[in-house]
Amino acid sequence: MQPELDQFLADRIDEITAEVTGEIAARVPVYAHLRATEILNVVRDALAVYAGACEASAVLPVFRALGAGEACAGQDVRHLESALRTGARVLVRRTASAAARLYPPTAEYITVMETAFIAEGELVGAAVDGHRRAMRPAVASRLSSLLSGN
């Protein structure tokens with residue numbers, strides 16, 4: 001765990017969240033309506049995992065629920081994944097910058113970056129999984145309708 005890194009990022013959470021929101025709006029227009037206040041907790045959770053302050057398993061349910069919620073709202077999983085990866089790039093860049101500022105390029109810095117990249121894959125994967133799981137009932141219902149001729 002890197003408490004200094006976690007605190008450094010937490011102190012800049014509003015600025016980082018605004019950057020994430022702006023990047024997502026610019027790159028994934030279907031999410032241009034997002035406001036920083038709507039994603040603040042998700043960004044905070046992701047940064048805590050990226051910084052090694054908590055295990056990914058502690059926030060995976062949040063990301064699964066996020067994915068499921070987007071599925072229920074009718075969002076395409078490709079747009080969701082694109083938005084998540086766009087936000088993740090900002091978070092990885094911010095984590096790398098903070099780690100470079102706090103730690104010389106040593107094994108500790110490398111560990112932070114490995115943790116961040118692993119976390120990105122796990123968190124995005126959980127959201128996509130949540131989306132797909134939420135879509136299963138809808139797909140099954142549509143398939144049933146097609147098979148029954150309704």
# chains A, B, ... in the order shown; residues from 1 in each chain; ligands from 1
$ select_by_dssp --residues "range 4-145 of chain A" --states "alpha helix (DSSP H)" --output "VMD selection string"
chain A and resid 4 to 10 13 to 27 36 to 50 60 to 72 77 to 102 107 to 145
$ closest_atom_pairs --of "range 63-102 of chain A" --to "range 26-37 of chain A" --cutoff "8 Å" --atoms "only C-alpha atoms" --output "CSV"
residue,atom,partner,partner_atom,distance
A:His79,CA,A:Val28,CA,6.8
A:Ser82,CA,A:Val28,CA,6.9
A:Ala83,CA,A:Val28,CA,6.0
A:Thr86,CA,A:Arg27,CA,7.5
$ atom_distance --atom1 "CA of Gly87 in chain A" --atom2 "CA of Leu9 in chain A"
14.8 Å
$ closest_residue --among "A:Val49, A:Ala100, A:Glu81, A:Leu91" --to "Gly125 in chain A" --atoms "only C-alpha atoms"
A:Glu81
$ residues_around --residues "Glu114 in chain A" --least-positions-apart "6" --cutoff "12 Å" --atoms "only C-alpha atoms" --output "count of residues only"
12
$ closest_residue --among "A:Ala18, A:Ile24, A:Leu102, A:Val112" --to "Ala48 in chain A" --atoms "only C-alpha atoms"
A:Val112
$ closest_residue --among "A:Ile13, A:Ile110, A:Thr115, A:Val128" --to "Arg78 in chain A" --atoms "only C-alpha atoms"
A:Val128
$ closest_residue --among "A:Cys54, A:Arg64, A:Gly69, A:Asp76" --to "Gly130 in chain A" --atoms "only C-alpha atoms"
A:Arg64
$ residues_around --residues "Ala10 in chain A" --least-positions-apart "2" --cutoff "12 Å" --atoms "only C-alpha atoms" --output "count of residues only"
28
$ atom_distance --atom1 "CA of Arg136 in chain A" --atom2 "CA of Ala25 in chain A"
28.1 Å
$ atom_distance --atom1 "CA of Ala65 in chain A" --atom2 "CA of Met113 in chain A"
26.0 Å
$ closest_residue --among "A:Ala134, A:Val20, A:Val42, A:Leu123" --to "Leu60 in chain A" --atoms "only C-alpha atoms"
A:Leu123
$ residues_around --residues "Asp129 in chain A" --least-positions-apart "2" --cutoff "9 Å" --atoms "only C-alpha atoms" --output "PyMOL selection string"
chain A and resi 63-64+67-68+124-127+131-134
